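Presented below is the structure to which this report refers.
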Protein chains: 4
Amino acid sequence: MMVVMTPDATPAQIEAVVERLEAAGVHAKVMPGELTTAIGAIGDPEGVREMGLEGLPGVDQVIPISRPYKLASSELSHHEPTTFEVDGRRVGGGETFCLIAGPCTVESAEQTREVARVVAAAGASMLRGGAFKPRTSPFSFQGLGLEGLEILADVRAETGLPVVSEMTSASVADRFADAVDVIQVGARNMQNYGLLEVVGKLDKPVLLKRGLSSTLDELLMAADYVLKEGNERVILCERGIRTFDTAMRFTLDVGAVPWLKLHTHLPVIVDPSHASGDRRLVGPLSRAAAAAGADGIIVEVHPDPEVALCDGPQQLFAADFEGFAREVEAHAGLLGRRLA
Amino acid sequence: MMVVMTPDATPAQIEAVVERLEAAGVHAKVMPGELTTAIGAIGDPEGVREMGLEGLPGVDQVIPISRPYKLASSELSHHEPTTFEVDGRRVGGGETFCLIAGPCTVESAEQTREVARVVAAAGASMLRGGAFKPRTSPFSFQGLGLEGLEILADVRAETGLPVVSEMTSASVADRFADAVDVIQVGARNMQNYGLLEVVGKLDKPVLLKRGLSSTLDELLMAADYVLKEGNERVILCERGIRTFDTAMRFTLDVGAVPWLKLHTHLPVIVDPSHASGDRRLVGPLSRAAAAAGADGIIVEVHPDPEVALCDGPQQLFAADFEGFAREVEAHAGLLGRRLA
Amino acid sequence: MMVVMTPDATPAQIEAVVERLEAAGVHAKVMPGELTTAIGAIGDPEGVREMGLEGLPGVDQVIPISRPYKLASSELSHHEPTTFEVDGRRVGGGETFCLIAGPCTVESAEQTREVARVVAAAGASMLRGGAFKPRTSPFSFQGLGLEGLEILADVRAETGLPVVSEMTSASVADRFADAVDVIQVGARNMQNYGLLEVVGKLDKPVLLKRGLSSTLDELLMAADYVLKEGNERVILCERGIRTFDTAMRFTLDVGAVPWLKLHTHLPVIVDPSHASGDRRLVGPLSRAAAAAGADGIIVEVHPDPEVALCDGPQQLFAADFEGFAREVEAHAGLLGRRLA
Amino acid sequence: MMVVMTPDATPAQIEAVVERLEAAGVHAKVMPGELTTAIGAIGDPEGVREMGLEGLPGVDQVIPISRPYKLASSELSHHEPTTFEVDGRRVGGGETFCLIAGPCTVESAEQTREVARVVAAAGASMLRGGAFKPRTSPFSFQGLGLEGLEILADVRAETGLPVVSEMTSASVADRFADAVDVIQVGARNMQNYGLLEVVGKLDKPVLLKRGLSSTLDELLMAADYVLKEGNERVILCERGIRTFDTAMRFTLDVGAVPWLKLHTHLPVIVDPSHASGDRRLVGPLSRAAAAAGADGIIVEVHPDPEVALCDGPQQLFAADFEGFAREVEAHAGLLGRRLA
């Protein structure tokens with residue numbers, strides 16, 4: 001941390017900061033500047049932040065100079081990317097592209113099976129499908145629950161596709177551990193720390209979605225919650241952030257993909273469906289994600305989106321999926337990736 | 001809902017929308033305009049939204065024209081404000097101002113007791129104190145947990161101050177029901193729907209904080225989750241939102257106070273400490289909240305903020321609290337309110 | 001500036017940064033930390049920022065540690081507030097509160113005169129009124145232009161109220177210098193640097209509105225553009241910022257008032273009308289501004305807002321202005337201020 | 001426009017709205033719903049908005065149901081894209097990709113010539129270069145001004161590359177008309193309506209950058225200002241928006257590309273340099289722009305970015321440009337585009 005004094009701070013005020021730091025066991029290095037004096041505080045950054053030095057006379061700002069995440073940092077892995085397999089599909093590492101597709105919500109065995117066949121035939125890597133749906137209003141459809149998980153497990157057995165599904169509560173962790181291959185933590189739960197610790201203890205890969213208004217630093221700190229439990233198979237997912245513009249449902253932060261590639265060793269995928277909320281934009285955004293270097297996408301597909309129980313406008317028509325997949329694959333191919 | 005067609009939509013496309021609405025049991029009213037035709041869809045708004053009409057040829061937008069929250073709406077109560085007592089302190093109703101104060105975190109019995117005595121002497125209505133602290137990084141101090149709850153219960157017995165504390169997990173709901181008078185749901189859990197349903201079932205007032213990036217509509221829909229369980233004692237809390245400006249930790253949305261007063265019957269308070277992250281701003285923001293018509297504030301106070309284990313820079317010095325309280329009380333008094 | 005190296009930066013990479021800084025005449029101070037090494041760059045901050053050191057191997061971040069504004073800084077004035085008079089009304093300095101009121105747009109001599117009489121009778125300090133209106137769409141009403149300026153000058157002569165009006169183009173600077181007492185630079189022009197330099201050269205007080213999405217640092221840098229031309233009579237105005245929430249037109253950043261009081265010597269006022277876009281919120285927001293320590297407000301009033309040519313929904317009814325003024329005055333009075 | 005009544009609005013209140021609309025010559029259509037009554041106002045939307053009906057008793061909201069831009073709308077052109085040539089390079093229309101490249105700022109004839117040769121050799125369509133630089137602080141380098149324009153004109157003559165440069169003031173319009181081929185209006189001037197009208201009258205293509213915090217609707221309304229002067233050669237440019245996250249300088253809104261393609265006939269390009277502020281991200285963002293369907297990019301290149309006078313960290317090394325161009329070209333090629 002760096003403690004920056006105001007231009008008119010007195011020597012006694014500077015000395016008082018130094019004394020307080022050293023009393024707390026933090027080494028202090030005074031650095032006089034042209035306008036202001038800065039004091040480097042060399043020690044545990046969290047500890048220094050908590051000291052509340054901003055309140056001392058003559059202190060202007062306390063500025064962090066180290067990154068706040070630890071285990072997710074690319075330096076920890078010496079810039080080696082994390083890579084692992086989900087039932088034979090390789091995630092991360094730069095040579096594959098994970099095409100995860102399926103309905104927003106599991107509505108019935110028939111609907112799920114139909115989508116699964118279509119996406120499997122087009123080369124999808126995994127099947128997505130929601131059984132427990134967190135909804136903004138308590139009066140909206142909340143998903144089939146455990147029945148939905150059973151449908152997913154059946155369809156997995158039939159098609160061989162690994163399954164990704166969102167877990168919203170620790171109380172059903174055992175059932176998820178049985179039924180799905182990748183446990184999704186949704187955007188609204190990115191800072192539900194109790195849930196993160198639970199999924200960190202399950203022996204399953206975790207797909208961690210960025211919160212609607214979470215910084216990239218916060219996303220990596222949320223990943224730290226899972227990693228510190230010993231679970232190293234974490235996939236990060238950019239899914240659109242909330243901004244001032246409401247032309248689209250959210251704003252896809254495509255720059256998050258290369259930024260995360262610089263700062264973390266974890267795989268990074270993109271959810272173009274929730275980002276846009278509009279199927280007409282899903283193709284362009286998926287191609288953009290592939291071109292930006294994402295390790296995959298997770299996309300919603302429905303046999304008949306116009307009768308979908310949830311998020312109809314953003315789901316691709318199953319009949320269009322084959323053409324969509326070929327376009328995305330071509331852009332990923334230019335970066336040397338094949339479908340996982 | 002209103003379905004707005006594009007200017008070049010054909011009569012057949014308009015008819016197709018009408019047919020789809022009526023097939024779903026929704027009454028459709030066609031309204032030709034100068035440039036575009038709009039179709040009113042009269043029926044369950046959620047149901048119409050889920051139909052995904054945006055995907056149909058000739059459809060430009062589907063616009064909601066009713067408010068998305070129900071139980072929290074001021075119309076439901078015929079514009080009568082909700083008011084209730086917490087151990088004799090009246091919340092809501094326009095004649096009282098709740099001054100809730102205490103340390104960010106319960107660090108020890110001594111620290112908590114000292115603050116409680118100071119704020120009680122200055123006329124505080126309730127004591128706040130965190131036992132379970134949700135922290136962005138897993139490596140930060142997370143609170144004393146159950147031990148903290150016990151300290152709060154002891155200090156309540158000694159001082160007679162009702163206690164407000166944040167519950168982060170349903171697993172400790174019973175302990176909270178015993179130890180505290182008002183259960184706080186924090187900003188990061190505003191959309192943790194499982195938790196909302198649990199607190200909705202406890203027979204305790206709930207202090208529901210607005211999420212860092214939640215719209216006011218979303219705050220009221222979150223309140224609906226609690227209200228629908230039969231718990232009508234919900235206090236809403238504006239605590240600063242995340243914006244582009246980082247001069248302060250968050251941006252206090254003081255306009256939320258009068259806006260909420262127009263649209264909901266629930267009491268509204270303000271948290272100036274978390275909004276600003278800077279004790280020098282807490283006085284002005286507290287006075288502004290009172291002047292804007294808030295039903296109270298919740299503010300952090302510490303005997304020695306410079307050694308606080310959490311959020312030191314934003315906690316008021318206990319020694320300054322009496323003067324602070326008198327200023328806020330004066331502004332509330334201009335609106336006809338006395339301290340609860 | 002502080003150059004922060006990555007944890008795995010080599011000694012040679014650190015040395016390369018030092019050499020580059022010193023070659024540019026900037027003194028470099030190496031500060032090894034536990035995880036990372038930081039290098040203090042002591043010299044012109046702009047110059048160091050422009051060097052683009054982020055691109056060098058081993059460099060993680062370049063962090064500014066001095067404030068980017070200069071002339072507007074409170075340190076420059078040794079924490080003495082700037083204060084001046086506008087035709088006998090004192091602005092700034094903590095003992096007065098400027099109540100600036102009038103129609104959004106000058107529509108006619110009659111309408112302007114009527115509002116002026118009402119606000120003068122209620123103790124307003126100055127009259128506002130728009131002659132040149134910047135409009136988002138080219139097809140909206142753009143104001144009466146020079147004819148509007150003449151009406152304002154006439155009404156000033158009749159009522160004795162000093163006049164505030166927005167100038168949108170340097171081409172009419174001479175006319176503004178004759179007709180108005182305070183020249184307003186609107187939010188959309190806060191970074192129109194050519195315009196700022198022109199108003200900096202006129203011998204008139206300037207009311208500088210914060211841009212819709214401008215940080216407070218940027219507002220003070222914009223003030224620097226005016227101040228460096230020798231014009232020291234600058235009034236800053238918080239008028240609501242653009243955030244993710246659309247419940248209100250903008251989000252009033254009331255915390256900007258005390259923050260600016262800490263960091264600049266310039267007077268600070270608030271525009272509650274544009275912030276909310278809703279007259280039902282103007283009273284609460286005006287009281288909040290006064291309670292937070294603002295030096296005044298600028299508020300819209302119309303004899304019959306429902307037929308106003310511009311921004312009808314946010315203008316106060318002239319008939320309600322007297323009561324409104326008394327409420328705001330009472331809150332300002334608690335801080336020891338009287339109407340200017 | 002749609003006037004939505006509150007659920008408890010009385011028939012008399014509904015009638016009062018209808019009467020006011022009809023008195024203003026607007027046709028009103030009452031549409032009773034289950035919870036609320038809506039009243040369609042069929043007529044000039046701006047006129048209805050200005051009426052301020054939100055203030056009437058029983059009125060909840062006034063909602064626009066037509067798009068606020070007119071001339072830029074894709075419906076106006078019957079979904080035919082606008083396309084035109086700049087000195088033989090075709091812009092818009094789907095078959096070409098405009099690769100516009102050059103230094104942030106014209107620093108000298110040598111530097112500009114060197115970059116121009118490199119980018120011309122790599123197939124660039126046009127040369128960019130700033131002569132007048134709008135800077136946040138008045139104490140930063142502001143560009144060479146007219147001397148910079150002359151350098152650009154000379155380099156154009158030598159290399160045959162058409163030139164794009166930003167005009168910040170109407171006072172130099174004649175000089176720009178002589179020296180450059182495409183006049184850029186920068187993000188900070190997107191709502192400088194006087195400037196837009198001036199460039200609308202020049203017989204030159206205009207590159208209009210989106211404001212840092214402008215909605216896409218506002219971008220199209222700004223384009224309307226140029227189009228209504230008779231200048232139909234407008235290129236829109238997404239250059240990153242301001243959001244809550246500061247990991248990158250701005251957030252590139254890549255979804256703006258396909259959204260604009262749906263809603264306007266104008267060509268759309270992307271500026272990855274200003275969006276990211278970091279050259280390590282420029283390659284991925286440029287590829288993403290091409291994959292999303294942009295008509296081109298405008299990118300900064302410098303012979304030696306580490307000594308650049310402006311925005312060094314985001315400028316590509318000239319030595320890397322050839323490889324960069326081939327990657328972007330490959331992604332554009334997948335969409336059937338060749339370099340313009």
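Identifiers in the structure tokens: chain A, B, ... in order shown; residue index from 1 per chain; ligand index from 1 in order shown.
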
Q: Residues of chain D no more than 6 Å from chain A, counting only C-alpha atoms: send them over as a PyMOL selection string.
A: chain D and resi 215+243+245+284+287-288+291-292

Taking N, CA, C and O atoms for each residue, export the selection above as a compact mmCIF listing (two decimals), in the first residue's frame.
# COMPACT_ATOMS: atom_id res chain seq x y z
N THR D 215 -25.77 6.78 -24.81
CA THR D 215 -26.51 5.60 -25.24
C THR D 215 -26.44 5.50 -26.76
O THR D 215 -26.12 6.47 -27.46
N THR D 243 -17.78 2.59 -17.56
CA THR D 243 -18.58 1.74 -16.69
C THR D 243 -17.95 1.76 -15.30
O THR D 243 -16.99 2.48 -15.05
N ASP D 245 -16.21 -0.52 -14.00
CA ASP D 245 -14.95 -1.25 -13.88
C ASP D 245 -13.81 -0.42 -14.45
O ASP D 245 -13.91 0.13 -15.54
N PRO D 284 -6.71 -8.55 -29.70
CA PRO D 284 -7.97 -9.27 -29.45
C PRO D 284 -9.22 -8.44 -29.71
O PRO D 284 -10.18 -8.95 -30.31
N ARG D 287 -9.78 -8.03 -33.52
CA ARG D 287 -10.32 -9.27 -34.11
C ARG D 287 -11.79 -9.43 -33.73
O ARG D 287 -12.62 -9.84 -34.56
N ALA D 288 -12.12 -9.11 -32.48
CA ALA D 288 -13.52 -9.23 -32.04
C ALA D 288 -14.42 -8.29 -32.84
O ALA D 288 -15.53 -8.66 -33.22
N ALA D 291 -14.98 -9.80 -36.21
CA ALA D 291 -15.85 -10.97 -36.12
C ALA D 291 -17.30 -10.57 -35.84
O ALA D 291 -18.24 -11.28 -36.23
N ALA D 292 -17.49 -9.46 -35.14
CA ALA D 292 -18.85 -9.02 -34.81
C ALA D 292 -19.53 -8.32 -35.98
O ALA D 292 -20.70 -7.98 -35.89

Q: Based on DSSP run over this structure's backbone, return all residues of stretch 110-172 of chain B in alpha helix (DSSP H), as number ranges by chain.
A: B: 110-121, 146-159

Keeping only C-alpha atoms, take the residues you just selected and write them out as a short mmCIF file (atom, residue, chain, number, x, y, z; two decimals), in the first residue's frame.
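And here's result.cif as it stands now:
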data_model
loop_
_atom_site.label_atom_id
_atom_site.label_comp_id
_atom_site.auth_asym_id
_atom_site.auth_seq_id
_atom_site.Cartn_x
_atom_site.Cartn_y
_atom_site.Cartn_z
CA GLU B 110 -15.50 -4.26 25.72
CA GLN B 111 -15.49 -2.46 22.37
CA THR B 112 -19.14 -3.24 21.74
CA ARG B 113 -20.21 -2.24 25.22
CA GLU B 114 -18.30 1.03 25.03
CA VAL B 115 -19.88 2.04 21.74
CA ALA B 116 -23.33 0.96 22.91
CA ARG B 117 -23.11 3.17 25.98
CA VAL B 118 -22.04 6.16 23.95
CA VAL B 119 -24.75 5.82 21.34
CA ALA B 120 -27.44 5.05 23.90
CA ALA B 121 -26.50 8.17 25.84
CA LEU B 146 -21.62 -16.88 16.95
CA GLU B 147 -19.41 -15.41 19.65
CA GLY B 148 -20.23 -12.01 18.22
CA LEU B 149 -23.94 -12.73 18.44
CA GLU B 150 -23.55 -13.58 22.12
CA ILE B 151 -21.75 -10.33 22.78
CA LEU B 152 -24.57 -8.43 21.07
CA ALA B 153 -27.20 -10.22 23.15
CA ASP B 154 -25.30 -9.39 26.35
CA VAL B 155 -24.92 -5.74 25.44
CA ARG B 156 -28.60 -5.56 24.54
CA ALA B 157 -29.44 -6.85 28.01
CA GLU B 158 -27.17 -4.28 29.61
CA THR B 159 -28.22 -1.24 27.62
#

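Looking only at stretch 77-187 of chain A, the set that DSSP places in strand (DSSP E) from backbone geometry is Phe84, Glu85, Val86, Arg89, Arg90, Val91, Thr96, Phe97, Cys98, Leu99, Ile100, Ala101, Gly102, Met126, Leu127, Arg128, Val163, Val164, Ser165, Glu166, Val182, Ile183, Gln184 and Val185 of chain A.
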
Q: Would you kindly return, as a PyMOL selection string, each protein, DNA or RNA residue with an atom no farther than 7 Å from any atom of A:Val180, considering only C-alpha atoms and excluding same-chain residues fewer than 5 positions away?
A: chain A and resi 153+163-165

Q.
What does the structure give for the distance between atom CA of B:Gln13 and atom CA of B:Ile42, in Å to one decimal?
A. 19.0 Å

Q: Calculate how many Å separate atom CA of A:Met167 from atom CA of A:Leu195, rounding to one decimal.
A: 8.8 Å

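Every protein or nucleic acid residue with an atom no more than 9 Å from A:Ala319, counting only C-alpha atoms and leaving out same-chain residues fewer than 2 positions away, appears here: Val118, His302, Pro303, Leu316, Phe317, Phe321, Glu322 and Gly323 of chain A.
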
For the residues in the current selection, export N, CA, C and O atoms as a PDB file, in the first residue's frame.
ATOM      1  N   VAL A 118     -29.633 -32.103 -31.074  1.00  0.00           N
ATOM      2  CA  VAL A 118     -29.237 -31.121 -32.090  1.00  0.00           C
ATOM      3  C   VAL A 118     -27.840 -30.583 -31.803  1.00  0.00           C
ATOM      4  O   VAL A 118     -26.986 -30.513 -32.694  1.00  0.00           O
ATOM      5  N   HIS A 302     -33.156 -23.548 -28.037  1.00  0.00           N
ATOM      6  CA  HIS A 302     -34.477 -24.084 -27.688  1.00  0.00           C
ATOM      7  C   HIS A 302     -35.127 -24.588 -28.974  1.00  0.00           C
ATOM      8  O   HIS A 302     -34.937 -23.997 -30.030  1.00  0.00           O
ATOM      9  N   PRO A 303     -35.905 -25.667 -28.910  1.00  0.00           N
ATOM     10  CA  PRO A 303     -36.565 -26.133 -30.141  1.00  0.00           C
ATOM     11  C   PRO A 303     -37.555 -25.099 -30.658  1.00  0.00           C
ATOM     12  O   PRO A 303     -37.715 -24.934 -31.864  1.00  0.00           O
ATOM     13  N   LEU A 316     -31.395 -19.346 -29.132  1.00  0.00           N
ATOM     14  CA  LEU A 316     -31.289 -19.647 -30.552  1.00  0.00           C
ATOM     15  C   LEU A 316     -32.317 -20.716 -30.925  1.00  0.00           C
ATOM     16  O   LEU A 316     -32.640 -21.593 -30.123  1.00  0.00           O
ATOM     17  N   PHE A 317     -32.807 -20.673 -32.166  1.00  0.00           N
ATOM     18  CA  PHE A 317     -33.607 -21.764 -32.670  1.00  0.00           C
ATOM     19  C   PHE A 317     -32.703 -22.982 -32.870  1.00  0.00           C
ATOM     20  O   PHE A 317     -31.607 -22.856 -33.443  1.00  0.00           O
ATOM     21  N   PHE A 321     -28.803 -23.940 -35.168  1.00  0.00           N
ATOM     22  CA  PHE A 321     -27.597 -24.135 -34.371  1.00  0.00           C
ATOM     23  C   PHE A 321     -26.411 -24.643 -35.189  1.00  0.00           C
ATOM     24  O   PHE A 321     -25.272 -24.228 -34.969  1.00  0.00           O
ATOM     25  N   GLU A 322     -26.665 -25.517 -36.121  1.00  0.00           N
ATOM     26  CA  GLU A 322     -25.560 -26.076 -36.913  1.00  0.00           C
ATOM     27  C   GLU A 322     -24.800 -24.960 -37.646  1.00  0.00           C
ATOM     28  O   GLU A 322     -23.571 -24.883 -37.581  1.00  0.00           O
ATOM     29  N   GLY A 323     -25.524 -24.075 -38.298  1.00  0.00           N
ATOM     30  CA  GLY A 323     -24.870 -22.966 -39.006  1.00  0.00           C
ATOM     31  C   GLY A 323     -24.119 -22.042 -38.052  1.00  0.00           C
ATOM     32  O   GLY A 323     -22.988 -21.624 -38.323  1.00  0.00           O
TER      33      GLY A 323
END

Applying 12 Å and only C-alpha atoms, which residues near D:Leu207 remain after dropping the ones on its own chain fewer than 4 positions away? List them as a JSON list (two decimals) with N, CA and C atoms, in the first residue's frame.
[["chain", "number", "residue", "atom", "x", "y", "z"],
["D", 86, "VAL", "N", -14.22, 6.85, -50.08],
["D", 86, "VAL", "CA", -13.29, 7.89, -49.67],
["D", 86, "VAL", "C", -12.03, 7.68, -50.50],
["D", 91, "VAL", "N", -16.58, 2.43, -48.04],
["D", 91, "VAL", "CA", -16.96, 2.34, -46.63],
["D", 91, "VAL", "C", -18.41, 1.88, -46.57],
["D", 100, "ILE", "N", -8.15, 1.66, -40.65],
["D", 100, "ILE", "CA", -7.66, 3.03, -40.50],
["D", 100, "ILE", "C", -6.61, 3.01, -39.40],
["D", 128, "ARG", "N", -4.82, 7.75, -39.91],
["D", 128, "ARG", "CA", -5.37, 8.62, -38.87],
["D", 128, "ARG", "C", -4.22, 9.40, -38.24],
["D", 163, "VAL", "N", -6.83, 10.77, -45.36],
["D", 163, "VAL", "CA", -6.49, 11.14, -44.00],
["D", 163, "VAL", "C", -7.74, 11.40, -43.16],
["D", 164, "VAL", "N", -7.74, 10.87, -41.92],
["D", 164, "VAL", "CA", -8.79, 11.11, -40.93],
["D", 164, "VAL", "C", -8.19, 11.90, -39.78],
["D", 165, "SER", "N", -8.84, 13.01, -39.39],
["D", 165, "SER", "CA", -8.31, 13.76, -38.25],
["D", 165, "SER", "C", -9.46, 14.45, -37.51],
["D", 166, "GLU", "N", -9.26, 14.64, -36.23],
["D", 166, "GLU", "CA", -10.33, 15.19, -35.40],
["D", 166, "GLU", "C", -10.35, 16.70, -35.43],
["D", 167, "MET", "N", -11.56, 17.26, -35.64],
["D", 167, "MET", "CA", -11.77, 18.70, -35.61],
["D", 167, "MET", "C", -12.46, 19.04, -34.29],
["D", 180, "VAL", "N", -7.99, 17.32, -44.91],
["D", 180, "VAL", "CA", -8.30, 15.94, -44.55],
["D", 180, "VAL", "C", -9.43, 15.40, -45.41],
["D", 181, "ASP", "N", -9.56, 14.07, -45.40],
["D", 181, "ASP", "CA", -10.56, 13.40, -46.22],
["D", 181, "ASP", "C", -11.78, 13.00, -45.42],
["D", 182, "VAL", "N", -11.56, 12.72, -44.16],
["D", 182, "VAL", "CA", -12.66, 12.38, -43.26],
["D", 182, "VAL", "C", -12.48, 13.20, -41.98],
["D", 183, "ILE", "N", -13.52, 13.92, -41.59],
["D", 183, "ILE", "CA", -13.45, 14.74, -40.39],
["D", 183, "ILE", "C", -14.00, 13.96, -39.21],
["D", 184, "GLN", "N", -13.17, 13.82, -38.20],
["D", 184, "GLN", "CA", -13.60, 13.09, -37.01],
["D", 184, "GLN", "C", -14.20, 14.05, -35.99],
["D", 185, "VAL", "N", -15.35, 13.67, -35.43],
["D", 185, "VAL", "CA", -15.90, 14.36, -34.26],
["D", 185, "VAL", "C", -15.66, 13.43, -33.08],
["D", 186, "GLY", "N", -14.94, 13.93, -32.10],
["D", 186, "GLY", "CA", -14.50, 13.08, -31.00],
["D", 186, "GLY", "C", -15.60, 12.81, -29.98],
["D", 187, "ALA", "N", -15.30, 11.84, -29.11],
["D", 187, "ALA", "CA", -16.29, 11.41, -28.12],
["D", 187, "ALA", "C", -16.76, 12.56, -27.24],
["D", 189, "ASN", "N", -17.08, 15.56, -27.97],
["D", 189, "ASN", "CA", -17.88, 16.52, -28.73],
["D", 189, "ASN", "C", -19.11, 15.90, -29.38],
["D", 190, "MET", "N", -19.44, 14.68, -29.03],
["D", 190, "MET", "CA", -20.58, 14.02, -29.70],
["D", 190, "MET", "C", -21.86, 14.80, -29.50],
["D", 196, "LEU", "N", -21.55, 19.78, -34.70],
["D", 196, "LEU", "CA", -22.18, 18.79, -35.58],
["D", 196, "LEU", "C", -22.82, 19.47, -36.78],
["D", 199, "VAL", "N", -20.00, 20.47, -39.28],
["D", 199, "VAL", "CA", -19.50, 19.37, -40.11],
["D", 199, "VAL", "C", -20.58, 18.84, -41.03],
["D", 200, "GLY", "N", -21.85, 19.01, -40.64],
["D", 200, "GLY", "CA", -22.93, 18.58, -41.52],
["D", 200, "GLY", "C", -22.98, 19.41, -42.80],
["D", 219, "LEU", "N", -26.36, 8.38, -29.73],
["D", 219, "LEU", "CA", -25.41, 8.41, -30.85],
["D", 219, "LEU", "C", -26.16, 8.63, -32.16],
["D", 222, "ALA", "N", -27.34, 12.13, -32.43],
["D", 222, "ALA", "CA", -26.24, 13.02, -32.81],
["D", 222, "ALA", "C", -25.98, 12.91, -34.31],
["D", 223, "ALA", "N", -26.06, 11.68, -34.83],
["D", 223, "ALA", "CA", -25.92, 11.52, -36.29],
["D", 223, "ALA", "C", -27.01, 12.30, -37.02],
["D", 226, "VAL", "N", -26.03, 15.76, -38.02],
["D", 226, "VAL", "CA", -25.21, 15.87, -39.23],
["D", 226, "VAL", "C", -26.06, 15.61, -40.47],
["D", 231, "ASN", "N", -25.62, 16.11, -45.16],
["D", 231, "ASN", "CA", -24.42, 15.29, -45.29],
["D", 231, "ASN", "C", -24.76, 13.86, -44.92],
["D", 232, "GLU", "N", -24.77, 12.97, -45.90],
["D", 232, "GLU", "CA", -25.20, 11.60, -45.63],
["D", 232, "GLU", "C", -24.03, 10.65, -45.40],
["D", 233, "ARG", "N", -22.80, 11.18, -45.50],
["D", 233, "ARG", "CA", -21.65, 10.29, -45.37],
["D", 233, "ARG", "C", -21.13, 10.31, -43.93],
["D", 234, "VAL", "N", -21.84, 9.60, -43.07],
["D", 234, "VAL", "CA", -21.50, 9.55, -41.65],
["D", 234, "VAL", "C", -21.07, 8.13, -41.28],
["D", 235, "ILE", "N", -19.93, 8.02, -40.62],
["D", 235, "ILE", "CA", -19.44, 6.73, -40.11],
["D", 235, "ILE", "C", -19.55, 6.79, -38.58],
["D", 236, "LEU", "N", -20.21, 5.81, -38.00],
["D", 236, "LEU", "CA", -20.32, 5.75, -36.53],
["D", 236, "LEU", "C", -19.14, 4.97, -35.96],
["D", 237, "CYS", "N", -18.71, 5.34, -34.79],
["D", 237, "CYS", "CA", -17.55, 4.66, -34.19],
["D", 237, "CYS", "C", -17.78, 4.37, -32.71],
["D", 238, "GLU", "N", -17.79, 3.08, -32.38],
["D", 238, "GLU", "CA", -17.81, 2.63, -30.98],
["D", 238, "GLU", "C", -16.38, 2.67, -30.47],
["D", 239, "ARG", "N", -16.17, 3.35, -29.33],
["D", 239, "ARG", "CA", -14.80, 3.54, -28.83],
["D", 239, "ARG", "C", -14.66, 3.26, -27.34],
["D", 266, "LEU", "N", -26.17, 3.36, -41.32],
["D", 266, "LEU", "CA", -24.84, 3.97, -41.40],
["D", 266, "LEU", "C", -23.74, 2.94, -41.14],
["D", 267, "PRO", "N", -22.56, 3.12, -41.72],
["D", 267, "PRO", "CA", -21.43, 2.22, -41.43],
["D", 267, "PRO", "C", -20.99, 2.36, -39.97],
["D", 268, "VAL", "N", -20.45, 1.29, -39.43],
["D", 268, "VAL", "CA", -20.04, 1.24, -38.02],
["D", 268, "VAL", "C", -18.62, 0.70, -37.92],
["D", 269, "ILE", "N", -17.76, 1.48, -37.28],
["D", 269, "ILE", "CA", -16.41, 0.99, -37.04],
["D", 269, "ILE", "C", -16.11, 1.01, -35.54],
["D", 270, "VAL", "N", -14.94, 0.49, -35.17],
["D", 270, "VAL", "CA", -14.57, 0.33, -33.76],
["D", 270, "VAL", "C", -13.17, 0.89, -33.54],
["D", 271, "ASP", "N", -12.98, 1.54, -32.41],
["D", 271, "ASP", "CA", -11.67, 2.05, -32.01],
["D", 271, "ASP", "C", -11.17, 1.23, -30.82],
["D", 296, "GLY", "N", -15.06, -1.73, -40.05],
["D", 296, "GLY", "CA", -13.66, -1.32, -40.00],
["D", 296, "GLY", "C", -13.23, -1.05, -38.59],
["D", 297, "ILE", "N", -11.96, -0.69, -38.45],
["D", 297, "ILE", "CA", -11.42, -0.27, -37.16],
["D", 297, "ILE", "C", -10.54, 0.95, -37.39],
["D", 298, "ILE", "N", -10.33, 1.71, -36.32],
["D", 298, "ILE", "CA", -9.39, 2.82, -36.35],
["D", 298, "ILE", "C", -8.45, 2.60, -35.18]]

**Q.** Distance query B:Asp311 at most 8 Å, only C-alpha atoms, self and fewer than 4 positions along chain excluded, as a PyMOL selection string
**A.** (chain A and resi 50+52) or (chain B and resi 104+277+315)
